[in-house]
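Please read the structure below before turning to the comments.
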Amino acid sequence: LTMDLKPHKKIAIVGKSGQGKSTLFNLLLRYFDPCGGNIKINNTNIEQLTEKSLRDNISVIRQSPFLFNTTIFDNFKLVKEDVTLQEVRKVCKKAYIDDYIISLPQKYETLIGEGGVNLSGGQKQRIAIARTLLKNTKVILFDEATSALDNESQEYIKMTIDNLVSTHTIIIVAHRLSTIMDADLIYVINDGKVECQGTHKQLMKTSKLYKKLY
């Protein structure tokens, strides 16, 4: 399997369940190493990078982000201890969640509840994105980040992702193809291999598998 992920692009990886999409993310994050071949970032093998430098440059947003049972503001302090409210609001505006937080009686001092129980799925997801933006990693992985969301929340997250492309490399694993139709490049994975690649328009014409997924 060979992939070339260009910087400042929105790249999508699609395929049926169990084809190895999430495994690719785990390899990029070095939760485990490949049995053969290698993964390079700017021509440096990731096995030569320290864990800190890898974590400082790549972050992941999962389908069910983990939020701690503390205030919204404290959840951001976990990423950056000396963060100011101004900095937090700046990233929350980018993730389209600041208006909602400001409308709450306790604003940024609102308790999130165990696992974010006091927030909807879309709100949790946007706070998780804002928290990731605070880390300012160059590469952001979205692992099925919109699959459990309603259409409105999905639209907000799509807008957030679109705004990030100019300064970040965005790699998305997606089941719902509506979020990645405008990706710069889509890789279709089948049986652990890249079956085809291209834009949505190209793949609709050339790939039976992509058309079926769509």
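By order of appearance in the structure tokens: chains A, B, ..., then residues from 1 within every chain, and ligands from 1 in the order shown.
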field: All residues 10 Å or closer to Ser59 in chain A, only C-alpha atoms, same chain fewer than 6 positions away omitted, as JSON, numbers by chain
entry: {"A": [28, 29, 129, 132, 133, 135, 136, 137, 138, 139, 140, 141, 142]}
message: So that I can see what lies close to Thr23 in chain A, please list as number ranges by chain the residues with an atom at most 12 Å from it, counting only C-alpha atoms and leaving out residues fewer than 2 positions away in the same chain.
response: A: 13, 17-21, 25-34, 143, 173, 189, 192
Val14 in chain A environment, 12 Å, only C-alpha atoms, sequence neighbours closer than 2 positions dropped, as a PyMOL selection string: chain A and resi 11-12+16-22+24+143-144+171-181+183+185-198+200+203+209-214
Mind listing the helix (DSSP H, G or I) residues of range 28-203 of chain A, per DSSP on the backbone, as an mmCIF file with N, CA, C and O atoms, in the first residue's frame?
```
data_model
loop_
_atom_site.group_PDB
_atom_site.id
_atom_site.type_symbol
_atom_site.label_atom_id
_atom_site.label_comp_id
_atom_site.auth_asym_id
_atom_site.auth_seq_id
_atom_site.Cartn_x
_atom_site.Cartn_y
_atom_site.Cartn_z
ATOM 1 N N LEU A 28 0.115 5.895 11.542
ATOM 2 C CA LEU A 28 0.596 7.282 11.463
ATOM 3 C C LEU A 28 0.892 7.852 12.849
ATOM 4 O O LEU A 28 1.807 8.649 13.032
ATOM 5 N N ILE A 46 9.299 7.910 10.507
ATOM 6 C CA ILE A 46 8.706 8.290 11.800
ATOM 7 C C ILE A 46 9.298 7.495 12.971
ATOM 8 O O ILE A 46 9.192 7.917 14.110
ATOM 9 N N GLU A 47 9.951 6.383 12.680
ATOM 10 C CA GLU A 47 10.585 5.627 13.764
ATOM 11 C C GLU A 47 11.804 6.362 14.318
ATOM 12 O O GLU A 47 12.287 6.047 15.402
ATOM 13 N N GLN A 48 12.277 7.362 13.575
ATOM 14 C CA GLN A 48 13.421 8.162 14.052
ATOM 15 C C GLN A 48 12.966 9.384 14.861
ATOM 16 O O GLN A 48 13.786 10.074 15.454
ATOM 17 N N GLU A 51 8.664 10.511 20.523
ATOM 18 C CA GLU A 51 7.210 10.508 20.719
ATOM 19 C C GLU A 51 6.695 11.943 20.850
ATOM 20 O O GLU A 51 5.653 12.288 20.303
ATOM 21 N N LYS A 52 7.465 12.781 21.553
ATOM 22 C CA LYS A 52 7.034 14.173 21.756
ATOM 23 C C LYS A 52 6.916 14.916 20.415
ATOM 24 O O LYS A 52 5.927 15.594 20.159
ATOM 25 N N SER A 53 7.927 14.765 19.548
ATOM 26 C CA SER A 53 7.880 15.505 18.282
ATOM 27 C C SER A 53 6.736 14.990 17.397
ATOM 28 O O SER A 53 6.100 15.758 16.680
ATOM 29 N N LEU A 54 6.458 13.688 17.488
ATOM 30 C CA LEU A 54 5.343 13.136 16.718
ATOM 31 C C LEU A 54 4.019 13.686 17.248
ATOM 32 O O LEU A 54 3.173 14.150 16.476
ATOM 33 N N ARG A 55 3.844 13.678 18.583
ATOM 34 C CA ARG A 55 2.599 14.175 19.201
ATOM 35 C C ARG A 55 2.432 15.688 19.000
ATOM 36 O O ARG A 55 1.320 16.202 18.987
ATOM 37 N N ASP A 56 3.561 16.398 18.871
ATOM 38 C CA ASP A 56 3.487 17.850 18.655
ATOM 39 C C ASP A 56 3.091 18.190 17.220
ATOM 40 O O ASP A 56 2.768 19.340 16.923
ATOM 41 N N ASN A 57 3.179 17.218 16.335
ATOM 42 C CA ASN A 57 2.920 17.493 14.926
ATOM 43 C C ASN A 57 1.704 16.794 14.341
ATOM 44 O O ASN A 57 1.196 17.196 13.308
ATOM 45 N N ILE A 72 -15.471 23.577 30.963
ATOM 46 C CA ILE A 72 -15.027 23.658 29.556
ATOM 47 C C ILE A 72 -13.623 24.257 29.505
ATOM 48 O O ILE A 72 -12.731 23.733 28.827
ATOM 49 N N PHE A 73 -13.409 25.321 30.264
ATOM 50 C CA PHE A 73 -12.104 25.993 30.270
ATOM 51 C C PHE A 73 -10.990 25.057 30.759
ATOM 52 O O PHE A 73 -9.909 24.999 30.176
ATOM 53 N N ASP A 74 -11.268 24.295 31.804
ATOM 54 C CA ASP A 74 -10.255 23.367 32.340
ATOM 55 C C ASP A 74 -9.886 22.275 31.338
ATOM 56 O O ASP A 74 -8.768 21.774 31.343
ATOM 57 N N ASN A 75 -10.833 21.906 30.478
ATOM 58 C CA ASN A 75 -10.527 20.914 29.449
ATOM 59 C C ASN A 75 -9.475 21.437 28.463
ATOM 60 O O ASN A 75 -8.724 20.663 27.889
ATOM 61 N N PHE A 76 -9.428 22.749 28.309
ATOM 62 C CA PHE A 76 -8.405 23.347 27.441
ATOM 63 C C PHE A 76 -7.068 23.492 28.187
ATOM 64 O O PHE A 76 -6.005 23.381 27.577
ATOM 65 N N LYS A 77 -7.154 23.689 29.505
ATOM 66 C CA LYS A 77 -5.916 23.810 30.295
ATOM 67 C C LYS A 77 -5.123 22.505 30.310
ATOM 68 O O LYS A 77 -3.916 22.504 30.518
ATOM 69 N N LEU A 85 -8.217 32.822 28.509
ATOM 70 C CA LEU A 85 -9.581 32.719 27.990
ATOM 71 C C LEU A 85 -9.637 33.240 26.561
ATOM 72 O O LEU A 85 -10.351 32.687 25.713
ATOM 73 N N GLN A 86 -8.858 34.277 26.282
ATOM 74 C CA GLN A 86 -8.810 34.865 24.938
ATOM 75 C C GLN A 86 -8.350 33.829 23.896
ATOM 76 O O GLN A 86 -8.942 33.697 22.820
ATOM 77 N N GLU A 87 -7.328 33.063 24.252
ATOM 78 C CA GLU A 87 -6.816 32.022 23.340
ATOM 79 C C GLU A 87 -7.858 30.932 23.123
ATOM 80 O O GLU A 87 -8.056 30.454 22.006
ATOM 81 N N VAL A 88 -8.526 30.544 24.226
ATOM 82 C CA VAL A 88 -9.538 29.489 24.139
ATOM 83 C C VAL A 88 -10.696 29.951 23.247
ATOM 84 O O VAL A 88 -11.171 29.207 22.382
ATOM 85 N N ARG A 89 -11.128 31.184 23.443
ATOM 86 C CA ARG A 89 -12.243 31.694 22.638
ATOM 87 C C ARG A 89 -11.878 31.774 21.151
ATOM 88 O O ARG A 89 -12.708 31.523 20.286
ATOM 89 N N LYS A 90 -10.618 32.092 20.891
ATOM 90 C CA LYS A 90 -10.156 32.197 19.495
ATOM 91 C C LYS A 90 -10.308 30.848 18.768
ATOM 92 O O LYS A 90 -10.834 30.781 17.661
ATOM 93 N N VAL A 91 -9.858 29.754 19.431
ATOM 94 C CA VAL A 91 -9.965 28.430 18.775
ATOM 95 C C VAL A 91 -11.416 27.948 18.752
ATOM 96 O O VAL A 91 -11.834 27.265 17.822
ATOM 97 N N CYS A 92 -12.191 28.327 19.773
ATOM 98 C CA CYS A 92 -13.607 27.920 19.800
ATOM 99 C C CYS A 92 -14.395 28.616 18.690
ATOM 100 O O CYS A 92 -15.320 28.040 18.122
ATOM 101 N N LYS A 93 -14.017 29.847 18.375
ATOM 102 C CA LYS A 93 -14.670 30.549 17.254
ATOM 103 C C LYS A 93 -14.368 29.836 15.944
ATOM 104 O O LYS A 93 -15.234 29.695 15.090
ATOM 105 N N LYS A 94 -13.131 29.361 15.807
ATOM 106 C CA LYS A 94 -12.748 28.634 14.584
ATOM 107 C C LYS A 94 -13.536 27.334 14.452
ATOM 108 O O LYS A 94 -13.792 26.861 13.351
ATOM 109 N N ASP A 98 -18.031 28.803 20.047
ATOM 110 C CA ASP A 98 -17.952 29.914 21.017
ATOM 111 C C ASP A 98 -19.328 30.514 21.310
ATOM 112 O O ASP A 98 -19.669 30.759 22.466
ATOM 113 N N ASP A 99 -20.130 30.739 20.268
ATOM 114 C CA ASP A 99 -21.463 31.357 20.464
ATOM 115 C C ASP A 99 -22.312 30.532 21.424
ATOM 116 O O ASP A 99 -22.997 31.079 22.292
ATOM 117 N N TYR A 100 -22.262 29.219 21.268
ATOM 118 C CA TYR A 100 -23.047 28.344 22.150
ATOM 119 C C TYR A 100 -22.541 28.439 23.594
ATOM 120 O O TYR A 100 -23.337 28.585 24.527
ATOM 121 N N ILE A 101 -21.219 28.378 23.774
ATOM 122 C CA ILE A 101 -20.652 28.398 25.135
ATOM 123 C C ILE A 101 -20.985 29.715 25.832
ATOM 124 O O ILE A 101 -21.367 29.736 27.006
ATOM 125 N N ILE A 102 -20.886 30.807 25.087
ATOM 126 C CA ILE A 102 -21.165 32.129 25.662
ATOM 127 C C ILE A 102 -22.640 32.256 26.057
ATOM 128 O O ILE A 102 -23.005 33.015 26.954
ATOM 129 N N SER A 103 -23.515 31.481 25.396
ATOM 130 C CA SER A 103 -24.951 31.551 25.714
ATOM 131 C C SER A 103 -25.288 30.808 27.016
ATOM 132 O O SER A 103 -26.387 30.958 27.558
ATOM 133 N N LYS A 107 -21.020 30.110 31.125
ATOM 134 C CA LYS A 107 -20.098 30.291 29.991
ATOM 135 C C LYS A 107 -18.976 29.236 29.996
ATOM 136 O O LYS A 107 -19.256 28.052 30.033
ATOM 137 N N TYR A 108 -17.726 29.682 29.981
ATOM 138 C CA TYR A 108 -16.601 28.727 29.911
ATOM 139 C C TYR A 108 -16.336 28.012 31.240
ATOM 140 O O TYR A 108 -15.519 27.111 31.295
ATOM 141 N N GLU A 109 -17.058 28.408 32.286
ATOM 142 C CA GLU A 109 -16.921 27.722 33.579
ATOM 143 C C GLU A 109 -18.006 26.645 33.752
ATOM 144 O O GLU A 109 -18.170 26.085 34.822
ATOM 145 N N GLU A 114 -19.632 13.956 33.244
ATOM 146 C CA GLU A 114 -18.863 12.737 32.947
ATOM 147 C C GLU A 114 -18.942 12.388 31.459
ATOM 148 O O GLU A 114 -20.024 12.170 30.930
ATOM 149 N N GLY A 115 -17.777 12.379 30.794
ATOM 150 C CA GLY A 115 -17.739 12.028 29.365
ATOM 151 C C GLY A 115 -18.456 13.035 28.477
ATOM 152 O O GLY A 115 -18.804 12.740 27.339
ATOM 153 N N GLY A 116 -18.713 14.257 29.016
ATOM 154 C CA GLY A 116 -19.379 15.289 28.218
ATOM 155 C C GLY A 116 -20.881 15.104 28.132
ATOM 156 O O GLY A 116 -21.527 15.501 27.167
ATOM 157 N N GLY A 121 -23.601 15.487 20.822
ATOM 158 C CA GLY A 121 -22.476 14.899 20.102
ATOM 159 C C GLY A 121 -21.720 15.930 19.278
ATOM 160 O O GLY A 121 -20.484 15.983 19.273
ATOM 161 N N GLY A 122 -22.460 16.786 18.586
ATOM 162 C CA GLY A 122 -21.834 17.820 17.743
ATOM 163 C C GLY A 122 -21.066 18.845 18.557
ATOM 164 O O GLY A 122 -19.991 19.306 18.159
ATOM 165 N N GLN A 123 -21.626 19.225 19.726
ATOM 166 C CA GLN A 123 -20.941 20.191 20.595
ATOM 167 C C GLN A 123 -19.640 19.606 21.144
ATOM 168 O O GLN A 123 -18.601 20.269 21.175
ATOM 169 N N LYS A 124 -19.690 18.347 21.572
ATOM 170 C CA LYS A 124 -18.484 17.668 22.075
ATOM 171 C C LYS A 124 -17.408 17.623 20.992
ATOM 172 O O LYS A 124 -16.234 17.882 21.245
ATOM 173 N N GLN A 125 -17.855 17.291 19.803
ATOM 174 C CA GLN A 125 -16.925 17.153 18.682
ATOM 175 C C GLN A 125 -16.247 18.492 18.379
ATOM 176 O O GLN A 125 -15.036 18.554 18.125
ATOM 177 N N ARG A 126 -17.024 19.571 18.431
ATOM 178 C CA ARG A 126 -16.459 20.899 18.126
ATOM 179 C C ARG A 126 -15.512 21.367 19.224
ATOM 180 O O ARG A 126 -14.511 22.013 18.953
ATOM 181 N N ILE A 127 -15.833 21.029 20.488
ATOM 182 C CA ILE A 127 -14.901 21.363 21.581
ATOM 183 C C ILE A 127 -13.607 20.569 21.411
ATOM 184 O O ILE A 127 -12.507 21.096 21.605
ATOM 185 N N ALA A 128 -13.743 19.307 21.013
ATOM 186 C CA ALA A 128 -12.556 18.470 20.786
ATOM 187 C C ALA A 128 -11.698 19.047 19.661
ATOM 188 O O ALA A 128 -10.465 19.068 19.741
ATOM 189 N N ILE A 129 -12.351 19.553 18.603
ATOM 190 C CA ILE A 129 -11.599 20.167 17.499
ATOM 191 C C ILE A 129 -10.896 21.429 17.985
ATOM 192 O O ILE A 129 -9.711 21.644 17.702
ATOM 193 N N ALA A 130 -11.619 22.257 18.753
ATOM 194 C CA ALA A 130 -11.018 23.492 19.276
ATOM 195 C C ALA A 130 -9.820 23.172 20.164
ATOM 196 O O ALA A 130 -8.777 23.838 20.102
ATOM 197 N N ARG A 131 -9.934 22.133 20.981
ATOM 198 C CA ARG A 131 -8.838 21.718 21.871
ATOM 199 C C ARG A 131 -7.617 21.291 21.048
ATOM 200 O O ARG A 131 -6.483 21.589 21.385
ATOM 201 N N THR A 132 -7.888 20.598 19.935
ATOM 202 C CA THR A 132 -6.805 20.176 19.043
ATOM 203 C C THR A 132 -6.147 21.391 18.387
ATOM 204 O O THR A 132 -4.926 21.439 18.234
ATOM 205 N N LEU A 133 -6.963 22.389 18.028
ATOM 206 C CA LEU A 133 -6.409 23.598 17.391
ATOM 207 C C LEU A 133 -5.467 24.336 18.331
ATOM 208 O O LEU A 133 -4.510 24.975 17.901
ATOM 209 N N LEU A 134 -5.742 24.228 19.621
ATOM 210 C CA LEU A 134 -4.881 24.861 20.619
ATOM 211 C C LEU A 134 -3.488 24.233 20.602
ATOM 212 O O LEU A 134 -2.486 24.896 20.828
ATOM 213 N N LYS A 135 -3.435 22.925 20.312
ATOM 214 C CA LYS A 135 -2.140 22.230 20.209
ATOM 215 C C LYS A 135 -1.367 22.675 18.978
ATOM 216 O O LYS A 135 -0.149 22.583 18.916
ATOM 217 N N ASN A 151 -27.218 16.449 10.700
ATOM 218 C CA ASN A 151 -26.772 17.214 9.525
ATOM 219 C C ASN A 151 -26.230 18.592 9.870
ATOM 220 O O ASN A 151 -25.257 19.047 9.274
ATOM 221 N N GLU A 152 -26.872 19.274 10.844
ATOM 222 C CA GLU A 152 -26.421 20.629 11.203
ATOM 223 C C GLU A 152 -25.019 20.580 11.802
ATOM 224 O O GLU A 152 -24.139 21.354 11.421
ATOM 225 N N SER A 153 -24.809 19.643 12.747
ATOM 226 C CA SER A 153 -23.488 19.514 13.374
ATOM 227 C C SER A 153 -22.447 19.115 12.339
ATOM 228 O O SER A 153 -21.313 19.601 12.355
ATOM 229 N N GLN A 154 -22.834 18.227 11.440
ATOM 230 C CA GLN A 154 -21.921 17.778 10.389
ATOM 231 C C GLN A 154 -21.492 18.961 9.523
ATOM 232 O O GLN A 154 -20.334 19.088 9.153
ATOM 233 N N GLU A 155 -22.447 19.852 9.237
ATOM 234 C CA GLU A 155 -22.152 21.024 8.403
ATOM 235 C C GLU A 155 -21.160 21.964 9.105
ATOM 236 O O GLU A 155 -20.230 22.475 8.488
ATOM 237 N N TYR A 156 -21.348 22.157 10.419
ATOM 238 C CA TYR A 156 -20.426 22.999 11.189
ATOM 239 C C TYR A 156 -19.005 22.430 11.138
ATOM 240 O O TYR A 156 -18.027 23.152 10.952
ATOM 241 N N ILE A 157 -18.906 21.118 11.313
ATOM 242 C CA ILE A 157 -17.579 20.489 11.343
ATOM 243 C C ILE A 157 -16.944 20.524 9.962
ATOM 244 O O ILE A 157 -15.750 20.750 9.827
ATOM 245 N N LYS A 158 -17.763 20.379 8.940
ATOM 246 C CA LYS A 158 -17.248 20.471 7.576
ATOM 247 C C LYS A 158 -16.690 21.881 7.330
ATOM 248 O O LYS A 158 -15.621 22.050 6.736
ATOM 249 N N MET A 159 -17.407 22.910 7.809
ATOM 250 C CA MET A 159 -16.934 24.298 7.654
ATOM 251 C C MET A 159 -15.608 24.486 8.386
ATOM 252 O O MET A 159 -14.686 25.111 7.879
ATOM 253 N N THR A 160 -15.525 23.910 9.597
ATOM 254 C CA THR A 160 -14.291 24.008 10.383
ATOM 255 C C THR A 160 -13.121 23.381 9.623
ATOM 256 O O THR A 160 -12.052 23.975 9.497
ATOM 257 N N ILE A 161 -13.347 22.171 9.112
ATOM 258 C CA ILE A 161 -12.296 21.465 8.372
ATOM 259 C C ILE A 161 -11.867 22.277 7.154
ATOM 260 O O ILE A 161 -10.676 22.446 6.886
ATOM 261 N N ASP A 162 -12.847 22.807 6.420
ATOM 262 C CA ASP A 162 -12.531 23.590 5.214
ATOM 263 C C ASP A 162 -11.664 24.814 5.545
ATOM 264 O O ASP A 162 -10.776 25.177 4.777
ATOM 265 N N ASN A 163 -11.921 25.414 6.705
ATOM 266 C CA ASN A 163 -11.137 26.588 7.117
ATOM 267 C C ASN A 163 -9.713 26.225 7.521
ATOM 268 O O ASN A 163 -8.819 27.060 7.492
ATOM 269 N N LEU A 164 -9.501 24.966 7.928
ATOM 270 C CA LEU A 164 -8.191 24.553 8.441
ATOM 271 C C LEU A 164 -7.195 24.196 7.341
ATOM 272 O O LEU A 164 -5.998 24.204 7.567
ATOM 273 N N LEU A 177 -19.890 9.834 2.990
ATOM 274 C CA LEU A 177 -19.080 10.461 1.949
ATOM 275 C C LEU A 177 -19.489 11.907 1.670
ATOM 276 O O LEU A 177 -18.764 12.631 1.005
ATOM 277 N N SER A 178 -20.645 12.326 2.211
ATOM 278 C CA SER A 178 -21.075 13.713 1.989
ATOM 279 C C SER A 178 -20.065 14.709 2.568
ATOM 280 O O SER A 178 -19.958 15.833 2.087
ATOM 281 N N THR A 179 -19.303 14.295 3.583
ATOM 282 C CA THR A 179 -18.335 15.230 4.203
ATOM 283 C C THR A 179 -17.052 15.356 3.402
ATOM 284 O O THR A 179 -16.291 16.282 3.600
ATOM 285 N N HIS A 200 -13.801 13.232 -6.161
ATOM 286 C CA HIS A 200 -15.136 12.635 -6.144
ATOM 287 C C HIS A 200 -15.669 12.470 -7.579
ATOM 288 O O HIS A 200 -16.166 11.405 -7.954
ATOM 289 N N LYS A 201 -15.511 13.524 -8.361
ATOM 290 C CA LYS A 201 -16.008 13.524 -9.742
ATOM 291 C C LYS A 201 -15.357 12.418 -10.573
ATOM 292 O O LYS A 201 -16.023 11.667 -11.282
ATOM 293 N N GLN A 202 -14.013 12.328 -10.442
ATOM 294 C CA GLN A 202 -13.273 11.315 -11.202
ATOM 295 C C GLN A 202 -13.691 9.901 -10.782
ATOM 296 O O GLN A 202 -13.913 9.032 -11.629
ATOM 297 N N LEU A 203 -13.775 9.688 -9.466
ATOM 298 C CA LEU A 203 -14.066 8.343 -8.956
ATOM 299 C C LEU A 203 -15.485 7.887 -9.298
ATOM 300 O O LEU A 203 -15.731 6.700 -9.495
#
```
